[in-house]
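Enquirer: Input file: structure.cif. Contents: mmCIF, C-alpha atoms and all ligand atoms.
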```cif
data_model
loop_
_atom_site.label_atom_id
_atom_site.label_comp_id
_atom_site.auth_asym_id
_atom_site.auth_seq_id
_atom_site.Cartn_x
_atom_site.Cartn_y
_atom_site.Cartn_z
CA MET P 4 -57.60 67.00 124.20
CA ASP P 5 -57.01 66.09 127.85
CA HIS P 6 -54.57 68.05 130.04
CA ALA P 7 -51.62 65.71 129.60
CA GLY P 8 -52.01 65.74 125.81
CA ALA P 9 -52.44 69.50 125.71
CA ARG P 10 -49.21 69.91 127.66
CA VAL P 11 -47.28 67.72 125.22
CA LEU P 12 -48.63 69.69 122.25
CA CYS P 13 -47.40 72.85 123.97
CA ARG P 14 -43.89 71.39 124.43
CA LEU P 15 -43.89 70.53 120.73
CA ALA P 16 -44.67 74.14 119.73
CA ALA P 17 -40.94 74.89 119.90
CA GLY P 18 -39.80 71.76 118.03
CA PRO P 19 -39.50 67.98 118.35
CA VAL P 20 -39.11 66.19 121.69
CA SER P 21 -38.02 62.64 122.41
CA ALA P 22 -40.97 60.20 122.59
CA ALA P 23 -39.12 58.56 125.49
CA THR P 24 -40.05 61.56 127.66
CA VAL P 25 -43.79 61.03 127.07
CA PRO P 26 -45.81 58.08 128.49
CA ASP P 27 -46.42 55.41 125.80
CA ARG P 28 -50.21 55.49 126.15
CA LEU P 29 -50.24 59.22 125.60
CA VAL P 30 -47.98 58.94 122.54
CA ARG P 31 -50.36 56.35 121.06
CA ARG P 32 -53.36 58.58 121.72
CA LEU P 33 -51.72 61.57 120.06
CA LEU P 34 -50.61 59.43 117.07
CA THR P 35 -54.08 57.89 116.66
CA ARG P 36 -55.65 61.33 116.57
CA SER P 37 -53.04 62.49 114.01
CA LEU P 38 -51.93 65.31 116.29
CA VAL P 39 -48.27 64.25 116.27
CA THR P 40 -45.85 62.26 114.13
CA ARG P 41 -42.96 60.08 115.35
CA SER P 42 -39.69 59.97 113.43
CA ALA P 43 -37.54 56.86 112.98
CA ALA P 44 -35.21 58.36 115.61
CA GLY P 45 -38.11 58.40 118.09
CA GLU P 46 -38.79 62.12 118.07
CA LEU P 47 -42.31 63.51 118.31
CA SER P 48 -43.35 66.56 116.28
CA LEU P 49 -46.64 68.38 115.83
CA HIS P 50 -48.50 66.82 112.90
CA GLU P 51 -47.76 68.74 109.69
CA SER P 52 -51.50 69.15 109.03
CA LEU P 53 -51.89 71.28 112.19
CA ALA P 54 -51.90 74.95 111.31
CA LEU P 55 -53.12 78.04 113.09
CA ASP P 56 -56.68 77.89 111.78
CA GLY P 57 -60.23 76.96 112.80
CA PRO P 58 -60.15 73.27 111.77
CA SER P 59 -56.89 72.68 113.66
CA LEU P 60 -58.23 74.41 116.77
CA ARG P 61 -61.29 72.12 116.61
CA ARG P 62 -58.93 69.13 116.58
CA VAL P 63 -56.94 70.23 119.63
CA LEU P 64 -59.78 71.69 121.74
CA SER P 65 -62.83 70.11 123.35
CA ALA P 66 -66.32 70.55 121.91
CA ARG P 67 -67.15 73.05 124.67
CA TYR P 68 -65.66 75.84 122.50
CA ARG P 69 -67.69 77.56 119.81
CA ILE P 70 -64.87 78.66 117.54
CA ARG P 71 -64.84 81.56 115.13
CA TRP P 72 -61.68 81.90 113.09
CA PHE P 73 -60.65 84.69 110.72
CA GLU P 74 -57.74 85.29 108.38
CA THR P 75 -58.01 89.01 109.05
CA VAL P 76 -60.22 90.73 111.58
CA GLU P 77 -60.49 94.15 113.15
CA SER P 78 -60.25 92.84 116.72
CA THR P 79 -61.08 89.41 118.14
CA ASN P 80 -62.43 91.10 121.28
CA ALA P 81 -64.86 93.13 119.17
CA VAL P 82 -66.12 89.91 117.49
CA GLY P 83 -66.37 88.28 120.93
CA ARG P 84 -68.51 91.12 122.24
CA SER P 85 -71.05 90.62 119.45
CA MET P 86 -71.16 86.80 119.40
CA SER P 87 -74.65 85.31 119.75
CA PRO P 88 -75.47 83.96 123.25
CA LEU P 89 -73.61 80.90 124.52
CA ALA P 90 -74.91 78.02 126.60
CA ARG P 91 -73.80 77.96 130.24
CA GLN P 92 -71.08 75.35 129.83
CA GLN P 93 -70.03 76.66 126.43
CA ARG P 94 -67.17 79.07 125.78
CA GLY P 95 -66.66 81.19 122.71
CA LEU P 96 -63.22 81.34 121.15
CA VAL P 97 -62.43 83.96 118.56
CA GLY P 98 -59.07 83.93 116.83
CA ALA P 99 -57.38 85.44 113.81
CA VAL P 100 -54.18 85.17 111.82
CA GLU P 101 -53.95 88.93 111.82
CA GLN P 102 -55.79 91.87 113.42
CA ARG P 103 -56.07 95.20 111.65
CA GLY P 104 -57.40 97.08 114.66
CA GLY P 105 -56.15 95.06 117.65
CA ARG P 106 -56.68 96.97 120.88
CA GLY P 107 -54.89 97.18 124.21
CA ARG P 108 -56.17 98.80 127.38
CA HIS P 109 -57.40 102.40 127.26
CA ASP P 110 -57.97 101.91 123.51
CA ARG P 111 -54.25 101.71 122.75
CA GLU P 112 -53.13 100.03 119.56
CA TRP P 113 -52.08 96.36 119.71
CA THR P 114 -49.82 95.31 116.83
CA SER P 115 -50.99 91.92 115.56
CA PRO P 116 -49.07 90.59 112.53
CA PRO P 117 -49.36 86.96 111.28
CA GLY P 118 -47.52 84.41 113.44
CA GLY P 119 -48.90 85.71 116.75
CA LEU P 120 -51.71 84.22 118.81
CA TRP P 121 -54.58 86.70 118.86
CA LEU P 122 -57.45 85.11 120.78
CA SER P 123 -60.52 86.05 122.82
CA VAL P 124 -62.38 83.74 125.19
CA VAL P 125 -66.08 84.57 125.61
CA ASP P 126 -68.03 83.48 128.68
CA ASP P 127 -71.74 84.14 129.31
CA ARG P 128 -72.00 82.84 132.88
CA PRO P 129 -73.36 85.70 135.00
CA ARG P 130 -70.73 86.63 137.59
CA GLU P 131 -70.06 89.33 140.12
CA PRO P 132 -67.47 91.88 138.95
CA SER P 133 -64.60 90.89 141.27
CA THR P 134 -64.84 87.26 140.12
CA ALA P 135 -64.99 88.30 136.48
CA TRP P 136 -61.97 90.59 136.91
CA LEU P 137 -59.95 87.68 138.18
CA ASP P 138 -59.96 86.34 134.60
CA GLN P 139 -57.39 88.97 133.69
CA LEU P 140 -54.95 87.59 136.23
CA ALA P 141 -55.85 83.98 135.43
CA MET P 142 -55.10 84.51 131.74
CA ALA P 143 -51.78 86.21 132.44
CA VAL P 144 -50.71 83.32 134.68
CA ALA P 145 -51.93 80.84 132.04
CA VAL P 146 -49.72 82.56 129.45
CA THR P 147 -46.68 82.15 131.70
CA ASP P 148 -47.57 78.46 132.18
CA ALA P 149 -47.85 77.91 128.42
CA VAL P 150 -44.71 79.78 127.38
CA ASP P 151 -42.79 78.15 130.23
CA THR P 152 -43.86 74.72 128.92
CA ALA P 153 -42.71 75.79 125.45
CA GLY P 154 -39.33 76.78 126.92
CA VAL P 155 -39.44 80.50 127.73
CA ASP P 156 -39.21 81.76 131.29
CA ALA P 157 -41.64 84.67 131.55
CA THR P 158 -42.61 86.97 134.41
CA LEU P 159 -45.63 89.20 135.07
CA LYS P 160 -45.66 92.95 135.31
CA TRP P 161 -48.72 94.42 137.01
CA PRO P 162 -51.39 94.90 135.81
CA ASN P 163 -51.45 92.76 132.67
CA ASP P 164 -48.08 92.37 130.94
CA VAL P 165 -46.24 89.12 130.34
CA VAL P 166 -42.55 89.89 130.08
CA GLY P 167 -39.90 87.75 128.39
CA PRO P 168 -36.54 86.73 129.88
CA THR P 169 -34.75 89.81 128.54
CA GLY P 170 -37.41 92.26 129.67
CA GLY P 171 -39.46 92.80 126.49
CA LYS P 172 -43.26 92.57 126.46
CA LEU P 173 -44.19 89.11 125.21
CA ALA P 174 -47.96 89.17 125.72
CA GLY P 175 -50.83 91.28 127.00
CA VAL P 176 -54.34 90.63 128.28
CA LEU P 177 -57.43 92.75 127.72
CA LEU P 178 -60.53 91.85 129.73
CA GLU P 179 -63.83 93.44 128.77
CA GLY P 180 -67.14 92.87 130.50
CA GLN P 181 -70.73 93.57 129.56
CA SER P 182 -72.73 94.23 132.70
CA ARG P 183 -76.31 94.62 133.78
CA GLY P 184 -76.56 96.20 137.21
CA ASP P 185 -73.97 94.53 139.43
CA THR P 186 -73.70 91.43 137.28
CA VAL P 187 -71.21 90.82 134.50
CA GLU P 188 -73.27 88.95 131.91
CA ARG P 189 -70.56 88.43 129.32
CA SER P 190 -66.82 88.59 129.69
CA VAL P 191 -64.41 88.70 126.78
CA CYS P 192 -60.87 87.88 127.78
CA GLY P 193 -58.50 88.81 124.97
CA VAL P 194 -54.93 87.65 124.89
CA GLY P 195 -52.19 88.54 122.46
CA ILE P 196 -49.00 86.46 122.48
CA ASN P 197 -46.12 87.33 120.19
CA ALA P 198 -45.42 83.75 119.21
CA ASP P 199 -43.84 83.15 115.79
CA VAL P 200 -43.28 86.84 115.13
CA ASP P 201 -40.11 88.62 114.04
CA PRO P 202 -39.52 91.27 116.74
CA THR P 203 -38.79 93.88 114.06
CA ALA P 204 -42.51 93.68 113.16
CA LEU P 205 -43.39 94.72 116.73
CA PRO P 206 -43.24 98.03 118.58
CA PRO P 207 -40.05 98.94 120.49
CA GLY P 208 -39.87 97.16 123.84
CA ALA P 209 -41.66 94.02 122.56
CA THR P 210 -40.26 90.52 122.26
CA SER P 211 -41.54 87.25 120.82
CA LEU P 212 -41.20 83.54 121.50
CA ALA P 213 -39.43 83.21 118.14
CA GLU P 214 -36.73 85.58 119.36
CA HIS P 215 -35.94 83.14 122.19
CA LEU P 216 -36.82 79.77 120.66
CA GLY P 217 -36.42 80.09 116.90
CA ALA P 218 -39.41 79.00 114.81
CA VAL P 219 -42.55 78.32 116.86
CA GLN P 220 -45.85 76.67 115.89
CA PRO P 221 -48.41 78.80 117.76
CA VAL P 222 -51.23 76.24 117.41
CA GLY P 223 -49.25 74.00 119.79
CA LEU P 224 -49.76 76.49 122.62
CA VAL P 225 -53.53 76.90 122.45
CA ALA P 226 -54.98 73.81 124.18
CA TRP P 227 -52.62 74.09 127.16
CA LEU P 228 -53.10 77.86 127.42
CA LEU P 229 -56.88 77.46 127.62
CA ALA P 230 -56.68 74.47 129.98
CA ARG P 231 -54.51 76.51 132.35
CA PHE P 232 -56.85 79.51 132.03
CA GLU P 233 -59.88 77.40 133.01
CA THR P 234 -58.00 75.89 135.95
CA HIS P 235 -56.76 79.22 137.30
CA ARG P 236 -60.03 81.08 136.97
CA GLN P 237 -61.75 78.50 139.19
CA ASP P 238 -59.47 79.09 142.16
CA ARG P 239 -59.04 82.70 143.25
CA GLN P 240 -56.52 82.01 146.01
CA ALA P 241 -54.28 79.76 143.92
CA THR P 242 -54.38 82.24 141.03
CA LEU P 243 -53.39 85.14 143.27
CA GLU P 244 -50.55 83.11 144.75
CA ALA P 245 -49.35 81.97 141.32
CA TRP P 246 -49.59 85.55 140.06
CA GLN P 247 -47.51 86.86 142.96
CA ARG P 248 -44.87 84.13 142.49
CA ARG P 249 -44.48 85.13 138.86
CA CYS P 250 -44.67 88.87 139.44
CA SER P 251 -41.59 91.02 138.98
CA THR P 252 -43.34 94.22 140.19
CA LEU P 253 -43.74 93.36 143.89
CA GLY P 254 -40.96 94.75 146.08
CA GLU P 255 -39.98 97.32 143.44
CA ALA P 256 -40.08 101.11 143.64
CA VAL P 257 -42.54 102.11 140.92
CA THR P 258 -44.21 105.08 139.30
CA VAL P 259 -47.88 104.62 138.40
CA TRP P 260 -49.78 106.92 136.05
CA LEU P 261 -53.51 107.21 136.70
CA THR P 262 -55.80 109.38 134.57
CA ASP P 263 -55.20 112.52 136.63
CA GLU P 264 -52.47 111.62 139.07
CA VAL P 265 -48.96 110.14 139.20
CA ILE P 266 -48.07 108.07 142.28
CA GLU P 267 -44.65 106.89 143.43
CA GLY P 268 -44.14 104.15 145.97
CA VAL P 269 -43.02 100.62 146.66
CA ALA P 270 -45.30 97.85 145.36
CA THR P 271 -45.96 95.69 148.40
CA SER P 272 -48.78 93.26 147.66
CA LEU P 273 -51.80 92.31 145.62
CA GLU P 274 -55.40 92.52 146.90
CA ASP P 275 -57.96 89.78 146.29
CA ASP P 276 -59.48 91.70 143.37
CA GLY P 277 -56.10 92.15 141.65
CA SER P 278 -55.50 95.71 142.94
CA LEU P 279 -51.90 96.69 143.67
CA VAL P 280 -50.97 98.02 147.11
CA LEU P 281 -48.32 100.76 147.17
CA ASP P 282 -46.40 102.00 150.18
CA THR P 283 -45.94 105.69 149.41
CA GLY P 284 -43.74 106.38 152.44
CA GLY P 285 -46.13 106.21 155.33
CA ASP P 286 -49.32 106.08 153.29
CA ARG P 287 -50.91 103.02 151.74
CA ARG P 288 -52.54 103.39 148.32
CA THR P 289 -54.56 100.71 146.56
CA ILE P 290 -54.77 100.93 142.78
CA ARG P 291 -57.28 99.01 140.70
CA PRO P 292 -55.93 97.40 137.52
CA ASP P 293 -58.30 99.37 135.28
CA ALA P 294 -57.23 102.69 136.87
CA CYS P 295 -53.57 102.20 135.95
CA ARG P 296 -52.63 103.72 132.62
CA ARG P 297 -48.94 102.95 132.89
CA LEU P 298 -46.50 101.56 135.43
CA ARG P 299 -42.74 101.93 135.37
CA VAL P 300 -40.23 100.29 137.69
CA ARG P 301 -37.83 103.02 138.85
C1 LIG X 401 -52.41 95.09 126.48
O1 LIG X 401 -52.71 96.40 126.48
O2 LIG X 401 -51.33 94.61 126.78
C2 LIG X 401 -53.55 94.18 126.05
C3 LIG X 401 -53.32 93.56 124.71
C4 LIG X 401 -54.43 92.61 124.33
C5 LIG X 401 -54.35 92.18 122.89
C6 LIG X 401 -55.35 91.09 122.56
S1 LIG X 401 -55.04 90.37 121.01
C7 LIG X 401 -56.56 89.58 121.03
C8 LIG X 401 -57.56 90.54 121.62
N1 LIG X 401 -58.14 91.41 120.60
C9 LIG X 401 -57.79 92.69 120.79
O3 LIG X 401 -58.15 93.64 120.05
N2 LIG X 401 -57.02 92.80 121.88
C10 LIG X 401 -56.81 91.53 122.52
P1 LIG X 401 -51.80 97.57 127.07
O4 LIG X 401 -51.33 97.21 128.44
O5 LIG X 401 -52.61 98.78 126.90
O6 LIG X 401 -50.54 97.61 126.13
C11 LIG X 401 -50.58 98.25 124.91
C12 LIG X 401 -49.18 98.76 124.59
O7 LIG X 401 -48.32 97.65 124.33
C13 LIG X 401 -49.14 99.61 123.32
O8 LIG X 401 -49.35 100.96 123.64
C14 LIG X 401 -47.72 99.37 122.79
O9 LIG X 401 -46.79 100.18 123.50
C15 LIG X 401 -47.44 97.93 123.26
N3 LIG X 401 -47.72 96.95 122.19
C16 LIG X 401 -48.56 97.02 121.14
N4 LIG X 401 -48.56 95.88 120.43
C17 LIG X 401 -47.68 95.06 121.06
C18 LIG X 401 -47.25 93.73 120.82
N5 LIG X 401 -47.71 92.97 119.81
N6 LIG X 401 -46.33 93.21 121.70
C19 LIG X 401 -45.85 93.91 122.74
N7 LIG X 401 -46.22 95.17 123.00
C20 LIG X 401 -47.14 95.74 122.18
#
```
Go ahead and express the file in the form of structure tokens.
Expert:
Amino acid sequence: MDHAGARVLCRLAAGPVSAATVPDRLVRRLLTRSLVTRSAAGELSLHESLALDGPSLRRVLSARYRIRWFETVESTNAVGRSMSPLARQQRGLVGAVEQRGGRGRHDREWTSPPGGLWLSVVDDRPREPSTAWLDQLAMAVAVTDAVDTAGVDATLKWPNDVVGPTGGKLAGVLLEGQSRGDTVERSVCGVGINADVDPTALPPGATSLAEHLGAVQPVGLVAWLLARFETHRQDRQATLEAWQRRCSTLGEAVTVWLTDEVIEGVATSLEDDGSLVLDTGGDRRTIRPDACRRLRVR
């Protein structure tokens, strides 16, 4: 699906929209491909045959993705790590209805009931580490783009949280790389979005799109999410700027837990590699995303 079509599908994730708000040619294209239906009142909806499964993802995504879909899986990132090699222009996409052993950073548990989007994007282009690490930021910004299009205003909390309008954690990103020497040979960018999930099925402090929008069709989000991810990861400067615009951490007094140290200071800016700069009252400390175990705004 092209960008304009992917964006419309994302708007439809939260329910019908008036066909009058979508260019006629695009409506015809989406109808011809049986991705949407139009009611007598002129409202577009996602086609009822689209579900969150492998065949539907093949219909909404381009052929560049090698898709592996599971009803239940331990962790989509773990499957992504062991996928057979991809061609240079190809991306792997691993998804599941439910994860039994979903993982966050530092091997923390990631709760992944049905109704959420649990995806991992696999890329085998050899890259230098700082470029590969940018994917983490690019995916977080892409999530805010997608949920914003679906109707939820989200912000970013450094290093990798997407936060909903009332402060709960809506999504998280887990980037893993397999390196040889100084080259990252495979990156697996995992993203978990609490889409059509009842918040009572989630840990305290979490929120979901359903909590803000009512019923959501998660498949509607995927093509636009991945289109935005690919766009952001190609432009470091634009991604950093977009990240900073969306970030609620900058300017705040924060406490950061590292493995063997706790630092307090004011978050002032983001470095090119995604590190956070803290003003600790005279001193300047730079913290890499992977070194941060926890951050709290004071
Ligand atoms: C993250 O870790 O935020 C990264 C989450 C990445 C999950 C995706 S799902 C697809 C792919 N496959 C995987 O196995 N993982 C990736 P972190 O910053 O460490 O946050 C983890 C913390 O968030 C936990 O300790 C809980 O407090 C909280 N948490 C767990 N599940 C949650 C959920 N569904 N929604 C919001 N918060 C959650």
Enquirer: Set up a box along x, y and z of the file covering all listed atoms of ligand LIG 401 (chain X), add 4 Å on every one of the six sides, and write the centre and edge lengths in Å to one decimal, as JSON.
Expert:
```
{"center_x": -52.0, "center_y": 95.3, "center_z": 124.1, "size_x": 20.3, "size_y": 19.4, "size_z": 16.6}
```
Enquirer: Any residue with an atom at most 7 Å from ligand LIG 401 (chain X) counts, using all atoms listed in the file. Which are they? Put them as a ChimeraX atom specification.
Expert: /P:78-81,104-109,111-115,121-123,163-164,172-177,193-195,197,205-206,208-210
Enquirer: Which residue, P:Glu233, P:Asp56, P:Asp201, P:Glu267, has the smallest gap to Val124 in chain P when you use all atoms listed in the file?
Expert: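 Residue with the minimum atom-to-atom distance to Val124 in chain P: P:Glu233.
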Enquirer: Rounded to one decimal in Å, what is the spacing between CA of Asp5 in chain P and CA of Arg94 in chain P?
Expert: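 Between these atoms lies a distance of 16.6 Å.
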Enquirer: Using all atoms listed in the file, what table do you get, as a Markdown table, when you list each residue of range 159-259 of chain P with an atom no more than 10 Å from range 263-266 of chain P, its nearest pair of atoms, and their distance in Å rounded to one decimal, rows by chain then rising number?
Expert:
```
| residue | atom | partner | partner_atom | distance |
| --- | --- | --- | --- | --- |
| P:Val257 | CA | P:Ile266 | CA | 8.2 |
| P:Thr258 | CA | P:Ile266 | CA | 5.7 |
| P:Val259 | CA | P:Ile266 | CA | 5.2 |
```
Enquirer: Would you compute the distance between CA of Arg10 in chain P and CA of Ala44 in chain P? Give it in Å to one decimal.
Expert: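 Distance between the two atoms: 21.8 Å.
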Enquirer: Report, in Å to a single decimal, how far apart CA of Trp246 in chain P and CA of Val144 in chain P are.
Expert: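 Calculated distance between CA of Val144 in chain P and CA of Trp246 in chain P is 5.9 Å.
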Enquirer: List as a list in words the protein and nucleic acid residues near Ala141 in chain P, meaning an atom at most 10 Å away when only C-alpha atoms are counted, but skip any in the same chain fewer than 4 places from it.
Expert: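 Near neighbours after the sequence-gap exclusion: Trp136, Leu137, Ala145, Val146, Val176, Cys192, Arg231, Phe232, Glu233, Thr234, His235, Arg236, Gln237, Asp238, Arg239, Ala241, Thr242, Leu243, Ala245 and Trp246 of chain P.
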Enquirer: Using only C-alpha atoms, pick whichever of P:Leu12, P:Val280, P:Leu120, P:Ala99 has the shortest atom-to-atom distance to Val82 in chain P.
Expert: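 Of all the options, P:Ala99 lies closest to Val82 in chain P.
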Enquirer: Give the answer as one residue: which of P:Arg248, P:His50, P:Ala22, P:Gly171 has the shortest atom-to-atom distance to Thr35 in chain P, using all atoms listed in the file?
Expert: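 Ranked by minimum distance to Thr35 in chain P, first place goes to P:His50.
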Enquirer: Within 10 Å of Thr24 in chain P, counting all atoms listed in the file, which residues qualify if same-chain residues fewer than 4 places away don't, as a ChimeraX atom specification?
Expert: /P:11,20,30,46-47
Enquirer: Please rebuild range 106-116 of chain P with all heavy atoms and return the result as a short mmCIF file (atom, residue, chain, number, x, y, z; two decimals), keeping the file's coordinate frame.
Expert:
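Everything below was put into part.cif:
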```
data_model
loop_
_atom_site.label_atom_id
_atom_site.label_comp_id
_atom_site.auth_asym_id
_atom_site.auth_seq_id
_atom_site.Cartn_x
_atom_site.Cartn_y
_atom_site.Cartn_z
N ARG P 106 -56.64 95.93 119.85
CA ARG P 106 -56.68 96.97 120.88
C ARG P 106 -56.06 96.49 122.18
O ARG P 106 -56.20 95.34 122.57
CB ARG P 106 -58.15 97.36 121.17
CG ARG P 106 -58.71 98.29 120.12
CD ARG P 106 -58.15 99.72 120.32
NE ARG P 106 -58.26 100.53 119.12
CZ ARG P 106 -57.27 100.78 118.26
NH1 ARG P 106 -56.08 100.26 118.44
NH2 ARG P 106 -57.46 101.54 117.21
N GLY P 107 -55.36 97.42 122.85
CA GLY P 107 -54.89 97.18 124.21
C GLY P 107 -55.81 97.90 125.17
O GLY P 107 -56.92 98.32 124.81
N ARG P 108 -55.37 98.08 126.39
CA ARG P 108 -56.17 98.80 127.38
C ARG P 108 -56.22 100.28 127.01
O ARG P 108 -55.35 100.78 126.30
CB ARG P 108 -55.56 98.61 128.78
CG ARG P 108 -55.50 97.14 129.18
CD ARG P 108 -54.88 96.92 130.54
NE ARG P 108 -53.76 97.78 130.78
CZ ARG P 108 -53.71 98.68 131.78
NH1 ARG P 108 -54.72 98.81 132.61
NH2 ARG P 108 -52.65 99.43 131.94
N HIS P 109 -57.23 100.96 127.51
CA HIS P 109 -57.40 102.40 127.26
C HIS P 109 -57.36 102.70 125.76
O HIS P 109 -56.82 103.72 125.32
CB HIS P 109 -56.33 103.22 127.99
CG HIS P 109 -56.28 102.90 129.46
ND1 HIS P 109 -57.27 103.28 130.33
CD2 HIS P 109 -55.37 102.21 130.20
CE1 HIS P 109 -56.97 102.85 131.55
NE2 HIS P 109 -55.84 102.20 131.49
N ASP P 110 -57.85 101.75 124.97
CA ASP P 110 -57.97 101.91 123.51
C ASP P 110 -56.62 102.10 122.82
O ASP P 110 -56.54 102.68 121.74
CB ASP P 110 -58.91 103.08 123.19
CG ASP P 110 -59.63 102.83 121.87
OD1 ASP P 110 -59.83 101.65 121.53
OD2 ASP P 110 -59.98 103.81 121.19
N ARG P 111 -55.56 101.61 123.42
CA ARG P 111 -54.25 101.71 122.75
C ARG P 111 -54.17 100.68 121.63
O ARG P 111 -54.87 99.68 121.65
CB ARG P 111 -53.13 101.48 123.77
CG ARG P 111 -53.00 102.64 124.76
CD ARG P 111 -51.76 102.50 125.60
NE ARG P 111 -51.95 101.54 126.66
CZ ARG P 111 -51.89 101.84 127.97
NH1 ARG P 111 -51.66 103.08 128.36
NH2 ARG P 111 -52.05 100.93 128.89
N GLU P 112 -53.26 100.93 120.71
CA GLU P 112 -53.13 100.03 119.56
C GLU P 112 -52.36 98.77 119.99
O GLU P 112 -51.40 98.85 120.75
CB GLU P 112 -52.33 100.77 118.49
CG GLU P 112 -52.36 100.10 117.14
CD GLU P 112 -51.57 100.93 116.13
OE1 GLU P 112 -51.69 102.18 116.16
OE2 GLU P 112 -50.83 100.33 115.33
N TRP P 113 -52.81 97.61 119.47
CA TRP P 113 -52.08 96.36 119.71
C TRP P 113 -51.65 95.80 118.35
O TRP P 113 -52.49 95.43 117.53
CB TRP P 113 -52.96 95.34 120.45
CG TRP P 113 -52.20 94.07 120.74
CD1 TRP P 113 -52.27 92.90 120.04
CD2 TRP P 113 -51.22 93.87 121.77
NE1 TRP P 113 -51.41 91.99 120.57
CE2 TRP P 113 -50.75 92.54 121.63
CE3 TRP P 113 -50.70 94.66 122.78
CZ2 TRP P 113 -49.77 92.01 122.48
CZ3 TRP P 113 -49.74 94.12 123.62
CH2 TRP P 113 -49.29 92.82 123.48
N THR P 114 -50.36 95.77 118.11
CA THR P 114 -49.82 95.31 116.83
C THR P 114 -49.98 93.79 116.71
O THR P 114 -49.53 93.06 117.60
CB THR P 114 -48.33 95.69 116.75
OG1 THR P 114 -48.22 97.09 117.02
CG2 THR P 114 -47.75 95.39 115.38
N SER P 115 -50.61 93.34 115.65
CA SER P 115 -50.99 91.92 115.56
C SER P 115 -50.68 91.32 114.19
O SER P 115 -51.60 90.98 113.43
CB SER P 115 -52.48 91.75 115.83
OG SER P 115 -52.94 92.61 116.85
N PRO P 116 -49.40 91.17 113.83
CA PRO P 116 -49.07 90.59 112.53
C PRO P 116 -49.26 89.06 112.53
O PRO P 116 -49.38 88.46 113.60
CB PRO P 116 -47.59 90.94 112.37
CG PRO P 116 -47.07 91.03 113.76
CD PRO P 116 -48.21 91.52 114.62
#
```
